[in-house]
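J.: Got a file for you: target_27.csv, CSV, C-alpha atoms.
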chain,number,residue,atom,x,y,z
A,1,MET,CA,87.5,-32.1,-73.4
A,2,ASP,CA,83.8,-31.4,-73.5
A,3,SER,CA,82.9,-28.8,-70.9
A,4,LYS,CA,79.4,-30.3,-70.6
A,5,GLU,CA,81.0,-33.5,-69.2
A,6,ILE,CA,82.6,-31.6,-66.4
A,7,ASN,CA,80.3,-28.7,-65.7
A,8,PRO,CA,77.8,-29.6,-63.0
A,9,GLU,CA,74.2,-29.4,-64.1
A,10,LYS,CA,70.9,-29.7,-62.2
A,11,SER,CA,68.8,-32.8,-62.7
A,12,SER,CA,65.1,-33.0,-61.9
A,13,ALA,CA,65.1,-36.8,-61.9
A,14,ASP,CA,65.0,-37.0,-58.1
A,15,SER,CA,64.0,-33.9,-56.2
A,16,LYS,CA,64.9,-35.5,-52.9
A,17,GLU,CA,68.4,-36.5,-53.9
A,18,MET,CA,70.9,-34.1,-55.3
A,19,SER,CA,72.2,-35.1,-58.7
A,20,LYS,CA,75.7,-36.6,-58.7
A,21,ASN,CA,76.5,-34.0,-61.3
A,22,ASN,CA,75.3,-31.1,-59.2
A,23,VAL,CA,76.9,-31.5,-55.8
A,24,THR,CA,77.0,-28.5,-53.5
A,25,THR,CA,78.2,-27.9,-50.0
A,26,GLY,CA,74.8,-26.7,-48.8
A,27,LYS,CA,76.2,-23.3,-48.2
A,28,GLU,CA,75.0,-20.2,-49.9
A,29,SER,CA,77.7,-20.2,-52.6
A,30,SER,CA,76.5,-18.1,-55.5
A,31,SER,CA,79.6,-15.9,-55.3
A,32,GLU,CA,81.7,-19.1,-55.2
A,33,GLU,CA,79.9,-20.3,-58.4
A,34,THR,CA,80.6,-17.1,-60.2
A,35,THR,CA,84.3,-17.0,-59.3
A,36,LYS,CA,85.0,-20.4,-60.8
A,37,PRO,CA,87.6,-20.1,-63.5
A,38,PRO,CA,86.3,-21.0,-66.9
A,39,LEU,CA,87.2,-24.5,-68.1
A,40,GLU,CA,89.2,-23.1,-71.0
A,41,SER,CA,91.6,-21.4,-68.5
A,42,LEU,CA,92.4,-24.6,-66.7
A,43,ASN,CA,95.5,-26.7,-67.4
A,44,GLU,CA,95.3,-30.3,-68.7
A,45,ASN,CA,96.2,-31.7,-65.3
A,46,GLN,CA,93.4,-29.8,-63.6
A,47,LEU,CA,90.9,-30.9,-66.3
A,48,GLN,CA,92.0,-34.5,-65.9
A,49,ALA,CA,91.6,-34.3,-62.1
A,50,ILE,CA,88.1,-32.8,-62.4
A,51,GLN,CA,87.0,-35.4,-64.9
A,52,THR,CA,88.5,-38.3,-63.0
A,53,ALA,CA,86.9,-37.1,-59.7
A,54,LYS,CA,83.5,-36.7,-61.5
A,55,ASP,CA,83.8,-40.2,-63.0
A,56,TYR,CA,84.4,-41.7,-59.6
A,57,LEU,CA,81.4,-39.8,-58.1
A,58,ASP,CA,79.2,-40.9,-60.9
A,59,THR,CA,79.8,-44.6,-60.0
A,60,MET,CA,80.3,-44.6,-56.3
A,61,HIS,CA,79.8,-42.5,-53.1
A,62,LEU,CA,83.0,-41.6,-51.5
A,63,SER,CA,84.2,-39.5,-48.6
A,64,GLN,CA,86.6,-36.7,-49.4
A,65,THR,CA,89.5,-38.7,-48.0
A,66,GLU,CA,88.6,-41.8,-50.2
A,67,LEU,CA,88.2,-39.7,-53.3
A,68,LEU,CA,91.6,-38.0,-52.8
A,69,GLN,CA,93.1,-41.5,-52.3
A,70,MET,CA,91.5,-42.7,-55.5
A,71,LEU,CA,92.8,-39.7,-57.4
A,72,SER,CA,96.3,-40.4,-55.9
A,73,VAL,CA,96.1,-44.0,-57.2
A,74,GLU,CA,95.4,-42.4,-60.7
A,75,ASN,CA,98.7,-40.5,-60.3
A,76,ILE,CA,96.9,-37.2,-60.0
A,77,ASP,CA,99.0,-34.6,-58.1
A,78,SER,CA,97.5,-33.8,-54.7
A,79,GLU,CA,97.2,-30.1,-55.5
A,80,ASP,CA,95.3,-30.8,-58.7
A,81,ALA,CA,93.1,-33.3,-56.8
A,82,LYS,CA,92.3,-30.7,-54.1
A,83,PHE,CA,91.6,-28.2,-56.9
A,84,ALA,CA,89.2,-30.6,-58.6
A,85,LEU,CA,87.2,-31.2,-55.4
A,86,GLU,CA,86.9,-27.5,-54.7
A,87,TYR,CA,85.9,-26.9,-58.3
A,88,LEU,CA,83.2,-29.6,-58.2
A,89,ASN,CA,81.9,-28.1,-54.9
A,90,ILE,CA,81.0,-31.6,-53.6
A,91,ASP,CA,78.4,-31.9,-50.9
A,92,TRP,CA,80.0,-34.5,-48.6
A,93,ASN,CA,76.9,-34.7,-46.5
A,94,GLN,CA,75.0,-36.0,-49.5
A,95,GLU,CA,77.8,-38.4,-50.4
A,96,ALA,CA,77.6,-39.8,-46.8
A,97,ARG,CA,73.8,-40.1,-47.1
A,98,LYS,CA,73.9,-41.9,-50.4
A,99,LYS,CA,76.6,-44.3,-49.1
A,100,ALA,CA,74.5,-45.0,-46.0
A,101,LYS,CA,71.5,-45.7,-48.2
A,102,GLU,CA,73.5,-48.0,-50.4
A,103,TYR,CA,74.7,-50.0,-47.4
A,104,CYS,CA,71.2,-50.5,-46.2
A,105,LYS,CA,70.1,-51.8,-49.6
A,106,HIS,CA,72.6,-54.6,-49.5
A,107,LYS,CA,70.6,-56.6,-46.8
A,108,ILE,CA,73.7,-56.7,-44.6
A,109,GLY,CA,71.8,-55.6,-41.5
A,110,PHE,CA,73.0,-52.4,-39.9
A,111,SER,CA,71.9,-50.8,-36.7
A,112,LYS,CA,72.1,-47.0,-36.6
A,113,GLU,CA,75.2,-47.3,-34.4
A,114,LYS,CA,76.9,-49.8,-36.7
A,115,LEU,CA,76.0,-47.8,-39.8
A,116,LYS,CA,77.6,-44.7,-38.3
A,117,ALA,CA,80.7,-46.7,-37.4
A,118,GLN,CA,80.9,-47.9,-41.0
A,119,LEU,CA,80.6,-44.4,-42.4
A,120,LEU,CA,83.3,-43.2,-40.0
A,121,PHE,CA,85.5,-46.2,-41.2
A,122,ASP,CA,84.9,-44.9,-44.7
A,123,HIS,CA,86.5,-41.6,-43.6
A,124,PHE,CA,83.3,-39.5,-43.5
A,125,THR,CA,83.4,-37.0,-40.7
A,126,GLU,CA,81.3,-37.3,-37.6
A,127,GLU,CA,79.1,-34.5,-38.8
A,128,GLU,CA,78.7,-36.1,-42.3
A,129,ALA,CA,77.8,-39.4,-40.7
A,130,ASP,CA,75.2,-37.8,-38.4
A,131,PHE,CA,73.7,-35.9,-41.3
A,132,ALA,CA,73.4,-39.2,-43.3
A,133,LEU,CA,71.7,-41.0,-40.5
A,134,SER,CA,69.2,-38.2,-39.9
A,135,HIS,CA,68.4,-37.9,-43.7
A,136,ILE,CA,67.8,-41.5,-44.7
A,137,ASN,CA,64.6,-43.5,-44.4
A,138,VAL,CA,65.6,-46.9,-43.0
A,139,ASN,CA,63.3,-49.5,-41.4
A,140,TRP,CA,65.6,-50.4,-38.5
A,141,ILE,CA,63.4,-53.3,-37.5
A,142,GLU,CA,64.0,-54.9,-40.9
A,143,GLN,CA,67.7,-54.3,-40.5
A,144,ALA,CA,67.5,-56.0,-37.0
A,145,GLU,CA,65.5,-58.9,-38.6
A,146,ILE,CA,68.4,-59.5,-41.0
A,147,VAL,CA,70.9,-59.7,-38.2
A,148,ALA,CA,68.5,-61.8,-36.1
A,149,LYS,CA,68.3,-64.4,-38.8
A,150,GLU,CA,72.1,-64.6,-38.9
A,151,TYR,CA,72.2,-65.2,-35.2
A,152,MET,CA,69.6,-67.9,-35.5
A,153,GLU,CA,71.6,-69.6,-38.2
A,154,ASP,CA,74.6,-69.5,-35.8
A,155,GLY,CA,72.5,-71.3,-33.2
A,156,VAL,CA,70.9,-68.6,-31.0
A,157,THR,CA,67.4,-70.0,-30.2
A,158,SER,CA,66.3,-68.2,-27.1
A,159,LYS,CA,64.3,-65.0,-27.3
A,160,GLU,CA,66.3,-63.4,-24.5
A,161,ASP,CA,69.7,-64.3,-26.0
A,162,LEU,CA,68.6,-63.0,-29.4
A,163,ILE,CA,67.3,-59.7,-28.0
A,164,ASP,CA,70.6,-59.3,-26.1
A,165,ALA,CA,72.7,-60.1,-29.2
A,166,LEU,CA,70.7,-57.5,-31.2
A,167,MET,CA,71.1,-54.9,-28.5
A,168,ASN,CA,74.9,-55.6,-28.5
A,169,GLU,CA,74.8,-54.9,-32.3
A,170,GLY,CA,73.4,-51.4,-31.5
A,171,PHE,CA,69.7,-52.0,-32.0
A,172,THR,CA,67.3,-50.5,-29.5
A,173,LYS,CA,65.4,-52.9,-27.2
A,174,LYS,CA,62.2,-52.1,-29.1
A,175,GLU,CA,63.8,-52.9,-32.5
A,176,ALA,CA,65.4,-56.1,-31.1
A,177,GLU,CA,62.1,-57.3,-29.6
A,178,LYS,CA,60.1,-56.6,-32.8
A,179,ALA,CA,62.7,-58.3,-34.9
A,180,THR,CA,62.7,-61.3,-32.6
A,181,LEU,CA,59.0,-61.6,-33.1
A,182,LYS,CA,59.3,-61.3,-36.9
A,183,VAL,CA,61.7,-64.2,-37.0
A,184,GLY,CA,59.4,-66.4,-35.0
A,185,LEU,CA,60.8,-66.4,-31.4
A,186,LYS,CA,58.0,-65.6,-29.0
For the structure just supplied, provide its representation as structure tokens.

T.:
Amino acid sequence: MDSKEINPEKSSADSKEMSKNNVTTGKESSSEETTKPPLESLNENQLQAIQTAKDYLDTMHLSQTELLQMLSVENIDSEDAKFALEYLNIDWNQEARKKAKEYCKHKIGFSKEKLKAQLLFDHFTEEEADFALSHINVNWIEQAEIVAKEYMEDGVTSKEDLIDALMNEGFTKKEAEKATLKVGLK
């Protein structure tokens, strides 16, 4: 197995986002980095677990629980899976942030409250979800507008009812009012 495939490397492609190949916990871990066993000393099951985990993280953003479940489906022993996650030193906060960002790109329409609930449903911790929400740039009014249009398609035509519906979805009153104006209800 090629050690370059597994060994995390820094990427300068996006200075704001950590490279999927170089995920860290955000802790000072230089001593942890130097104590990693060399790839040559790992057994085949550990190498397979590391590569499979890395492959998943290269294609999707997962919580620790989700990634362990995926590795289990691949018939990777739980001890080898846990070893792989420790070896890769994954920053779960960044995985949660990337997942949140991905959800907002899909034009589903999430309030901050609903997005946090979705991240928790995806098995991110409360702290990881909070980190994600405080580290993404989302136009919540645009998100509210997406939801407002859906409500209008379902027959909501009064400004007050639409604002109430949006606030029930977790949007602030200000976000709900601005989205209502954007969809044409005055």

J.: At a cut-off of 8 Å, can you tabulate as a Markdown table every residue of stretch 79-130 of chain A near stretch 141-149 of chain A together with its closest atom pair and the distance in Å to one decimal, using only C-alpha atoms and ordering rows by chain then number?

T.:
| residue | atom | partner | partner_atom | distance |
| --- | --- | --- | --- | --- |
| A:Cys104 | CA | A:Gln143 | CA | 7.7 |
| A:Lys107 | CA | A:Ile146 | CA | 6.8 |
| A:Ile108 | CA | A:Ile146 | CA | 7.0 |
| A:Gly109 | CA | A:Gln143 | CA | 4.4 |
| A:Phe110 | CA | A:Gln143 | CA | 5.7 |
| A:Ser111 | CA | A:Gln143 | CA | 6.7 |

J.: Could you check the closest approach to A:Asn75 for each of A:Glu128, A:Glu102, A:Ala49, A:Glu177 and tell me which residue wins, using all atoms listed in the file?

T.: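 Going through A:Glu128, A:Glu102, A:Ala49, A:Glu177 one by one, the smallest distance to A:Asn75 is for A:Ala49.
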
J.: Mind pulling up the distance from atom CA of A:Ser134 to atom CA of A:Lys174?

T.: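 Computed distance, atom CA of A:Lys174 to atom CA of A:Ser134, equals 18.9 Å.
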
J.: Tell me which of A:Leu120, A:Ile76, A:Ala81, A:Ala132 sits closest to A:Lys101, counting only C-alpha atoms.

T.: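 That would be A:Ala132, the residue with the smallest distance to A:Lys101.
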
J.: What does the structure give for the distance between atom CA of A:Thr35 and atom CA of A:Tyr87, in Å to one decimal?

T.: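 One can read the atom CA of A:Thr35 to atom CA of A:Tyr87 distance as 10.1 Å.
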
J.: Atom CA of A:Met167 to atom CA of A:Glu127: how many Å, to one decimal?

T.: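 Atom-to-atom, atom CA of A:Met167 and atom CA of A:Glu127 are spaced 24.2 Å apart.
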
J.: Skip A:Gln46 itself and residues of its chain fewer than 6 positions away, then list as a VMD selection string all residues within 12 Å of it, counting all atoms listed in the file.

T.: chain A and resid 1 6 37 to 40 52 to 53 71 76 to 88

J.: Skipping near chain neighbours, those fewer than 6 positions away, what residues fall within 9 Å of A:His61 using all atoms listed in the file, listed as a ChimeraX atom specification?

T.: /A:67,94-99,102

J.: Nearest to A:Asn89: which of A:Ile50, A:Leu133, A:Val156, A:Leu162 is it, counting all atoms listed in the file?

T.: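 For A:Asn89, the nearest of the given residues is A:Ile50.
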
J.: Using only C-alpha atoms, which of the listed residues (A:His135, A:Lys112, A:His106, A:Lys182) sits closest to A:Glu169?

T.: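 With only C-alpha atoms as the atom set, the closest residue is A:Lys112.
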
J.: Using all atoms listed in the file, what residues lie at most 12 Å away from (82.5, -39.2, -39.3) (file coordinates), given as number ranges by chain?

T.: A: 63-65, 92-93, 96-97, 100, 113, 115-133

J.: Nearest to A:Met60: which of A:Tyr103, A:Ser158, A:Met152, A:Lys178 is it, counting all atoms listed in the file?

T.: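 Distance minimum relative to A:Met60 lands on A:Tyr103.
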
J.: Calculated over only C-alpha atoms, which of the candidates A:Lys54, A:Lys173, A:Lys105, A:Lys186 has the smallest distance to A:Asn139?

T.: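 Of A:Lys54, A:Lys173, A:Lys105, A:Lys186, the one nearest A:Asn139, counting only C-alpha atoms, is A:Lys105.
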
J.: Please complete stretch 69-80 of chain A with all heavy atoms and give it back as a short mmCIF file (atom, residue, chain, number, x, y, z; two decimals), in the coordinates of the input.

T.:
data_model
loop_
_atom_site.label_atom_id
_atom_site.label_comp_id
_atom_site.auth_asym_id
_atom_site.auth_seq_id
_atom_site.Cartn_x
_atom_site.Cartn_y
_atom_site.Cartn_z
N GLN A 69 92.27 -40.31 -52.16
CA GLN A 69 93.10 -41.50 -52.30
C GLN A 69 92.95 -42.13 -53.68
O GLN A 69 93.93 -42.56 -54.29
CB GLN A 69 92.70 -42.54 -51.23
CG GLN A 69 93.13 -42.16 -49.83
CD GLN A 69 92.54 -43.06 -48.75
OE1 GLN A 69 91.63 -43.84 -48.99
NE2 GLN A 69 93.08 -42.93 -47.55
N MET A 70 91.70 -42.16 -54.19
CA MET A 70 91.50 -42.70 -55.50
C MET A 70 92.20 -41.88 -56.59
O MET A 70 92.79 -42.44 -57.52
CB MET A 70 89.98 -42.76 -55.84
CG MET A 70 89.17 -43.61 -54.88
SD MET A 70 89.57 -45.33 -55.01
CE MET A 70 88.25 -45.88 -56.02
N LEU A 71 92.16 -40.58 -56.44
CA LEU A 71 92.80 -39.70 -57.40
C LEU A 71 94.35 -39.89 -57.31
O LEU A 71 95.04 -39.88 -58.34
CB LEU A 71 92.44 -38.25 -57.18
CG LEU A 71 90.97 -37.93 -57.45
CD1 LEU A 71 90.65 -36.48 -57.07
CD2 LEU A 71 90.58 -38.20 -58.90
N SER A 72 94.84 -40.13 -56.12
CA SER A 72 96.30 -40.40 -55.90
C SER A 72 96.68 -41.66 -56.66
O SER A 72 97.73 -41.70 -57.30
CB SER A 72 96.59 -40.48 -54.44
OG SER A 72 97.91 -40.88 -54.24
N VAL A 73 95.84 -42.69 -56.55
CA VAL A 73 96.10 -44.00 -57.20
C VAL A 73 96.16 -43.74 -58.75
O VAL A 73 96.90 -44.41 -59.47
CB VAL A 73 95.04 -45.02 -56.86
CG1 VAL A 73 95.11 -46.24 -57.76
CG2 VAL A 73 95.20 -45.41 -55.41
N GLU A 74 95.40 -42.77 -59.23
CA GLU A 74 95.40 -42.40 -60.70
C GLU A 74 96.54 -41.53 -61.04
O GLU A 74 96.57 -40.98 -62.14
CB GLU A 74 94.06 -41.74 -61.02
CG GLU A 74 92.82 -42.56 -60.80
CD GLU A 74 92.60 -43.59 -61.89
OE1 GLU A 74 93.21 -43.49 -62.97
OE2 GLU A 74 91.81 -44.52 -61.64
N ASN A 75 97.48 -41.35 -60.10
CA ASN A 75 98.70 -40.50 -60.30
C ASN A 75 98.32 -39.04 -60.56
O ASN A 75 99.00 -38.36 -61.33
CB ASN A 75 99.55 -41.06 -61.43
CG ASN A 75 100.15 -42.39 -61.05
OD1 ASN A 75 100.59 -42.57 -59.92
ND2 ASN A 75 100.13 -43.33 -61.98
N ILE A 76 97.28 -38.58 -59.92
CA ILE A 76 96.90 -37.20 -60.00
C ILE A 76 97.56 -36.45 -58.83
O ILE A 76 97.44 -36.88 -57.69
CB ILE A 76 95.39 -36.98 -60.02
CG1 ILE A 76 94.84 -37.57 -61.34
CG2 ILE A 76 94.99 -35.53 -59.84
CD1 ILE A 76 93.35 -37.59 -61.46
N ASP A 77 98.29 -35.40 -59.14
CA ASP A 77 99.00 -34.60 -58.10
C ASP A 77 97.98 -34.14 -57.07
O ASP A 77 96.84 -33.80 -57.38
CB ASP A 77 99.61 -33.38 -58.84
CG ASP A 77 100.27 -32.44 -57.87
OD1 ASP A 77 101.36 -32.75 -57.41
OD2 ASP A 77 99.64 -31.39 -57.58
N SER A 78 98.42 -34.13 -55.80
CA SER A 78 97.50 -33.80 -54.70
C SER A 78 96.95 -32.38 -54.83
O SER A 78 95.79 -32.14 -54.48
CB SER A 78 98.19 -33.98 -53.35
OG SER A 78 99.24 -33.06 -53.19
N GLU A 79 97.73 -31.44 -55.34
CA GLU A 79 97.20 -30.10 -55.50
C GLU A 79 96.13 -30.04 -56.59
O GLU A 79 95.11 -29.35 -56.44
CB GLU A 79 98.35 -29.09 -55.87
CG GLU A 79 99.30 -28.83 -54.72
CD GLU A 79 98.59 -28.32 -53.45
OE1 GLU A 79 97.78 -27.37 -53.56
OE2 GLU A 79 98.84 -28.88 -52.37
N ASP A 80 96.33 -30.77 -57.67
CA ASP A 80 95.30 -30.80 -58.70
C ASP A 80 94.06 -31.55 -58.20
O ASP A 80 92.93 -31.17 -58.53
CB ASP A 80 95.85 -31.56 -59.96
CG ASP A 80 96.91 -30.73 -60.68
OD1 ASP A 80 96.84 -29.49 -60.64
OD2 ASP A 80 97.81 -31.35 -61.28
#
